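Written out below as structure tokens is the structure these notes cover.
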Amino acid sequence: MSMISGLISYLRGNEKKTAIVAKERLQIILAHERAGRGAPAPDYLPALQEELMVVIAKYIHIDRESINVQLEKHGEYDVLELNITLPDKIRLNR
Amino acid sequence: MSKVIVVTSGKGGVGKTTTSASFSSGLALRGNKTVVIDFDVGLRNLDLIMGCERRVVYDIINVINGEVSLKQALIKDKNCDNLYILPASQTRDKEALNLEGVERILNELRETFDYIVCDSPAGIESGAFTAMYFADEALVVTNPEVSSVRDSDRILGILAAKSKRAVDGLDPVKEHLLVTRYDPKRVEAGEMLSVTDIQEILRIPLIGVIPESESVLQASNAGTPAIHLDKSDVAEAYRDVVGRFMGEEGLPMRFVTVEKKGFFKRLLGGR
């Protein structure tokens, strides 16, 4: 990238390249459409719950029962619901 | 063992017929007995791209209805000895193209030909479905553009669930991603999806990248498949595709990066 075009994009406030926008939009819509085509309940939920658990445990001390991940259909939308019950006294892990 | 290959995309105008013409010509140039069938009943165009439009007498529907023999309907290509064209009907509707009739034709063609290339119409209705139903392999033609990628994904879903191979529980249809109208300059500027992006989204093996080029229009103007054009990126890229399809290894993916221009070329303002 030349200095001038670099400066222009800096002045514009670093807009996201449209190719990146395109890729992100496709990934979201295709995940949705593929889910509609194949099995109704996605099989990644347990793994997702496990991984979220690991990430959250890095910062806050919680136990396994206090996290709950669900995928629900609300009309035309799928809602990924994530419920974490925090302990009364938050004990930070770091 | 002969192979049935469908050239498909879902979306129209991405280069299915251009690809069917060049791919089948490339297979024939390598000595394979090849036939290319136009499945776009009602809107035939493969004959124009192959430059045989004035030699069309009978079409696939005539053969299905038993009015003429396959031999009478097949047109010998003017550029390749091993290549024949089976045109679509211009006057009938898509419903005349029934699965039983098509299966009968394909079985008869399998006796003579090594490769049977099916040029699918756009869309996902009966014509496109019939074209892909009997496929052993599929070239999924995709432009680096959101609607084309989405439609390709849709087609991949249909191939995996509703093709004869899927219904009969055989090995799945072998899928190949062919990216066409690729412009490395725009990809580098962040204005166009890259081959890697498309591959990551569609998750099927890449068989080639055809660069955006003025020569495709020139080829169709002349009725000569682009693979025959001298000194053209597109011809080279299609030859690579055919090579990879036939199992040739170590062919580098060309035309995916911006060509570095020499000092003088830049000075003279060459594109």
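A note on labels: chains of the structure tokens are A, B, ... as shown, every chain counts residues from 1, and ligands are counted from 1 in their shown order.
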| message | I need the contact residues of chain A against chain B, so if you could list those with any atom within 10 Å, counting only C-alpha atoms, and return them as an MDAnalysis selection string, that would help. | response | chainID A and resid 1 16:27 29:31 33:34 37:38
Using only all heavy atoms, please write the residues we just selected to a file, as a short mmCIF file (atom, residue, chain, number, x, y, z; two decimals), in the first residue's frame.
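What landed in again-v8.cif:
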data_model
loop_
_atom_site.label_atom_id
_atom_site.label_comp_id
_atom_site.auth_asym_id
_atom_site.auth_seq_id
_atom_site.Cartn_x
_atom_site.Cartn_y
_atom_site.Cartn_z
N MET A 1 0.85 -1.19 0.00
CA MET A 1 0.00 0.00 0.00
C MET A 1 0.88 1.25 0.00
O MET A 1 1.82 1.35 0.78
CB MET A 1 -0.87 -0.01 1.24
CG MET A 1 -2.09 0.88 1.10
SD MET A 1 -2.98 1.00 2.64
CE MET A 1 -3.82 -0.56 2.65
N LYS A 16 -13.49 -1.22 7.31
CA LYS A 16 -13.27 -2.65 7.07
C LYS A 16 -13.33 -2.91 5.57
O LYS A 16 -14.20 -2.40 4.88
CB LYS A 16 -14.41 -3.41 7.76
CG LYS A 16 -13.96 -4.69 8.39
CD LYS A 16 -15.18 -5.36 8.99
CE LYS A 16 -14.83 -6.06 10.28
NZ LYS A 16 -16.01 -6.69 10.86
N LYS A 17 -12.39 -3.72 5.07
CA LYS A 17 -12.40 -4.07 3.66
C LYS A 17 -13.67 -4.85 3.32
O LYS A 17 -14.10 -5.70 4.10
CB LYS A 17 -11.18 -4.92 3.33
CG LYS A 17 -9.86 -4.23 3.58
CD LYS A 17 -9.52 -3.30 2.45
CE LYS A 17 -8.11 -2.77 2.59
NZ LYS A 17 -7.89 -1.60 1.76
N THR A 18 -14.22 -4.59 2.16
CA THR A 18 -15.50 -5.24 1.82
C THR A 18 -15.37 -6.75 1.68
O THR A 18 -16.31 -7.48 1.94
CB THR A 18 -16.10 -4.65 0.54
OG1 THR A 18 -15.15 -4.79 -0.52
CG2 THR A 18 -16.47 -3.20 0.72
N ALA A 19 -14.19 -7.24 1.27
CA ALA A 19 -14.02 -8.69 1.13
C ALA A 19 -14.17 -9.37 2.49
O ALA A 19 -14.72 -10.46 2.58
CB ALA A 19 -12.66 -9.00 0.53
N ILE A 20 -13.70 -8.72 3.53
CA ILE A 20 -13.82 -9.28 4.87
C ILE A 20 -15.27 -9.29 5.31
O ILE A 20 -15.77 -10.27 5.87
CB ILE A 20 -12.94 -8.48 5.87
CG1 ILE A 20 -11.46 -8.65 5.48
CG2 ILE A 20 -13.17 -8.95 7.30
CD1 ILE A 20 -10.53 -7.76 6.25
N VAL A 21 -15.97 -8.19 4.99
CA VAL A 21 -17.39 -8.12 5.31
C VAL A 21 -18.13 -9.25 4.59
O VAL A 21 -18.96 -9.95 5.18
CB VAL A 21 -17.97 -6.75 4.88
CG1 VAL A 21 -19.47 -6.70 5.14
CG2 VAL A 21 -17.28 -5.62 5.61
N ALA A 22 -17.79 -9.45 3.31
CA ALA A 22 -18.45 -10.49 2.51
C ALA A 22 -18.23 -11.86 3.15
O ALA A 22 -19.17 -12.66 3.28
CB ALA A 22 -17.89 -10.48 1.08
N LYS A 23 -17.01 -12.13 3.54
CA LYS A 23 -16.70 -13.43 4.12
C LYS A 23 -17.47 -13.66 5.41
O LYS A 23 -18.07 -14.71 5.62
CB LYS A 23 -15.19 -13.52 4.39
CG LYS A 23 -14.77 -14.90 4.84
CD LYS A 23 -13.28 -14.97 5.06
CE LYS A 23 -12.87 -16.36 5.51
NZ LYS A 23 -11.46 -16.42 5.84
N GLU A 24 -17.50 -12.65 6.25
CA GLU A 24 -18.21 -12.79 7.53
C GLU A 24 -19.70 -13.01 7.31
O GLU A 24 -20.32 -13.86 7.95
CB GLU A 24 -17.98 -11.55 8.40
CG GLU A 24 -16.57 -11.50 8.97
CD GLU A 24 -16.25 -10.17 9.63
OE1 GLU A 24 -17.11 -9.25 9.61
OE2 GLU A 24 -15.13 -10.05 10.17
N ARG A 25 -20.27 -12.23 6.39
CA ARG A 25 -21.71 -12.39 6.12
C ARG A 25 -22.01 -13.79 5.60
O ARG A 25 -22.98 -14.42 6.00
CB ARG A 25 -22.15 -11.34 5.10
CG ARG A 25 -22.17 -9.93 5.67
CD ARG A 25 -22.52 -8.93 4.59
NE ARG A 25 -23.83 -9.19 4.03
CZ ARG A 25 -24.14 -9.00 2.75
NH1 ARG A 25 -23.25 -8.55 1.91
NH2 ARG A 25 -25.36 -9.25 2.32
N LEU A 26 -21.15 -14.27 4.69
CA LEU A 26 -21.36 -15.62 4.15
C LEU A 26 -21.26 -16.68 5.23
O LEU A 26 -22.07 -17.62 5.28
CB LEU A 26 -20.34 -15.90 3.04
CG LEU A 26 -20.73 -15.41 1.65
CD1 LEU A 26 -19.54 -15.46 0.72
CD2 LEU A 26 -21.87 -16.23 1.09
N GLN A 27 -20.27 -16.54 6.09
CA GLN A 27 -20.10 -17.56 7.13
C GLN A 27 -21.33 -17.64 8.03
O GLN A 27 -21.77 -18.73 8.39
CB GLN A 27 -18.84 -17.28 7.94
CG GLN A 27 -17.59 -17.77 7.21
CD GLN A 27 -16.29 -17.31 7.83
OE1 GLN A 27 -16.24 -16.22 8.40
NE2 GLN A 27 -15.25 -18.10 7.70
N ILE A 29 -24.56 -16.61 7.29
CA ILE A 29 -25.78 -17.06 6.62
C ILE A 29 -25.68 -18.54 6.25
O ILE A 29 -26.65 -19.29 6.36
CB ILE A 29 -26.14 -16.16 5.40
CG1 ILE A 29 -27.51 -16.52 4.84
CG2 ILE A 29 -25.12 -16.25 4.29
CD1 ILE A 29 -28.65 -16.23 5.76
N LEU A 30 -24.50 -18.98 5.84
CA LEU A 30 -24.37 -20.39 5.44
C LEU A 30 -24.44 -21.33 6.64
O LEU A 30 -24.99 -22.42 6.54
CB LEU A 30 -23.09 -20.61 4.64
CG LEU A 30 -23.10 -19.95 3.25
CD1 LEU A 30 -21.87 -20.32 2.46
CD2 LEU A 30 -24.35 -20.31 2.48
N ALA A 31 -23.91 -20.90 7.76
CA ALA A 31 -24.03 -21.72 8.98
C ALA A 31 -25.51 -21.92 9.28
O ALA A 31 -25.96 -23.03 9.59
CB ALA A 31 -23.33 -21.04 10.14
N GLU A 33 -28.09 -21.62 7.09
CA GLU A 33 -28.78 -22.40 6.06
C GLU A 33 -28.41 -23.88 6.12
O GLU A 33 -29.25 -24.74 5.88
CB GLU A 33 -28.48 -21.82 4.68
CG GLU A 33 -29.17 -20.50 4.46
CD GLU A 33 -28.83 -19.83 3.13
OE1 GLU A 33 -27.94 -20.33 2.40
OE2 GLU A 33 -29.44 -18.80 2.84
N ARG A 34 -27.16 -24.15 6.43
CA ARG A 34 -26.74 -25.56 6.54
C ARG A 34 -27.43 -26.22 7.71
O ARG A 34 -27.84 -27.37 7.63
CB ARG A 34 -25.23 -25.65 6.73
CG ARG A 34 -24.45 -25.44 5.46
CD ARG A 34 -22.98 -25.29 5.77
NE ARG A 34 -22.22 -24.90 4.60
CZ ARG A 34 -21.05 -24.29 4.66
NH1 ARG A 34 -20.51 -23.99 5.82
NH2 ARG A 34 -20.41 -23.96 3.56
N ARG A 37 -30.76 -27.29 6.72
CA ARG A 37 -30.78 -28.42 5.79
C ARG A 37 -30.57 -29.75 6.50
O ARG A 37 -31.21 -30.73 6.22
CB ARG A 37 -29.64 -28.27 4.77
CG ARG A 37 -29.94 -27.40 3.63
CD ARG A 37 -29.09 -27.79 2.44
NE ARG A 37 -27.66 -27.64 2.67
CZ ARG A 37 -26.96 -26.56 2.32
NH1 ARG A 37 -27.57 -25.54 1.78
NH2 ARG A 37 -25.67 -26.50 2.50
N GLY A 38 -29.61 -29.77 7.40
CA GLY A 38 -29.19 -31.03 8.00
C GLY A 38 -29.97 -31.37 9.26
O GLY A 38 -31.18 -31.16 9.33
#
| query | Running DSSP on the backbone, which parts of region 197-236 of chain B land in strand (DSSP E), as a list of chain:residue names? | reply | B:Leu206, B:Ile207, B:Gly208, B:Val209, B:Ile210, B:Pro211
| task | Considering only C-alpha atoms, return as JSON, numbers by chain whatever protein or nucleic-acid residues lie within 12 Å of Tyr84 (chain B), sequence-local ones (same chain, fewer than 4 positions apart) excluded. | result | {"B": [21, 24, 25, 27, 28, 32, 33, 34, 35, 36, 37, 38, 46, 47, 50, 52, 56, 70, 71, 72, 73, 74, 75, 76, 77, 78, 79, 80, 109, 112, 113, 114, 115, 116, 117]}
| said: Just to confirm, what's the straight-line distance from CA of Ser213 (chain B) to CA of Glu53 (chain B) in Å (one decimal)? | reply: 24.2 Å
| Mind pulling up the distance from CA of Asp119 (chain B) to CA of His32 (chain A)? |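 Between CA of His32 (chain A) and CA of Asp119 (chain B) the gap works out to 29.5 Å.
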| Spatial neighbours of region 44-52 of chain A, max dist 8 Å, only C-alpha atoms, sep filter under 2 positions, as an MDAnalysis selection string | chainID A and resid 42 54:56 67:70
Residues from last step as file, N, CA and C atoms, as a PDB file, in the first residue's frame:
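Result file is selection_12.pdb:
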ATOM      1  N   PRO A  42     -27.900 -28.716  16.449  1.00  0.00           N
ATOM      2  CA  PRO A  42     -26.465 -28.727  16.151  1.00  0.00           C
ATOM      3  C   PRO A  42     -25.706 -29.535  17.194  1.00  0.00           C
ATOM      4  N   VAL A  54     -14.113 -23.195  29.981  1.00  0.00           N
ATOM      5  CA  VAL A  54     -12.665 -23.046  30.157  1.00  0.00           C
ATOM      6  C   VAL A  54     -12.269 -21.574  30.134  1.00  0.00           C
ATOM      7  N   VAL A  55     -12.834 -20.848  29.155  1.00  0.00           N
ATOM      8  CA  VAL A  55     -12.502 -19.429  29.023  1.00  0.00           C
ATOM      9  C   VAL A  55     -12.948 -18.642  30.250  1.00  0.00           C
ATOM     10  N   ILE A  56     -14.174 -18.874  30.673  1.00  0.00           N
ATOM     11  CA  ILE A  56     -14.699 -18.113  31.810  1.00  0.00           C
ATOM     12  C   ILE A  56     -13.936 -18.459  33.092  1.00  0.00           C
ATOM     13  N   ILE A  67     -23.181 -22.861  34.335  1.00  0.00           N
ATOM     14  CA  ILE A  67     -23.191 -22.399  32.951  1.00  0.00           C
ATOM     15  C   ILE A  67     -24.137 -23.262  32.119  1.00  0.00           C
ATOM     16  N   ASN A  68     -24.893 -22.592  31.264  1.00  0.00           N
ATOM     17  CA  ASN A  68     -25.905 -23.298  30.495  1.00  0.00           C
ATOM     18  C   ASN A  68     -26.012 -22.689  29.094  1.00  0.00           C
ATOM     19  N   VAL A  69     -25.859 -23.526  28.052  1.00  0.00           N
ATOM     20  CA  VAL A  69     -25.920 -23.046  26.679  1.00  0.00           C
ATOM     21  C   VAL A  69     -27.112 -23.687  25.972  1.00  0.00           C
ATOM     22  N   GLN A  70     -27.915 -22.864  25.322  1.00  0.00           N
ATOM     23  CA  GLN A  70     -29.091 -23.399  24.616  1.00  0.00           C
ATOM     24  C   GLN A  70     -29.300 -22.689  23.294  1.00  0.00           C
TER      25      GLN A  70
END
| task | Mind checking which residues fall within 8 Å of Ser220 (chain B), counting only C-alpha atoms, ignoring those fewer than 5 positions away in the same chain, and posting them as JSON, numbers by chain? | result | {"B": [48, 49, 225, 226]}
| If you run DSSP on the backbone, which residues of region 121-246 of chain B are alpha helix (DSSP H), as a PyMOL selection string? | chain B and resi 126-133+146-162+164-167+184-188+195-202+215-222+233-245
| When you draw a straight line from CA of Lys16 (chain B) to CA of Cys118 (chain B), how long is it in Å? |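 Answer for the CA of Lys16 (chain B) to CA of Cys118 (chain B) separation: 9.9 Å.
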| said: Could you list, as a ChimeraX atom specification, every residue within 10 Å of region 90-99 of chain B, counting only C-alpha atoms and ignoring same-chain residues fewer than 4 positions away? | reply: /B:39-45,59-62,64-65,103-105,125-131,133-134
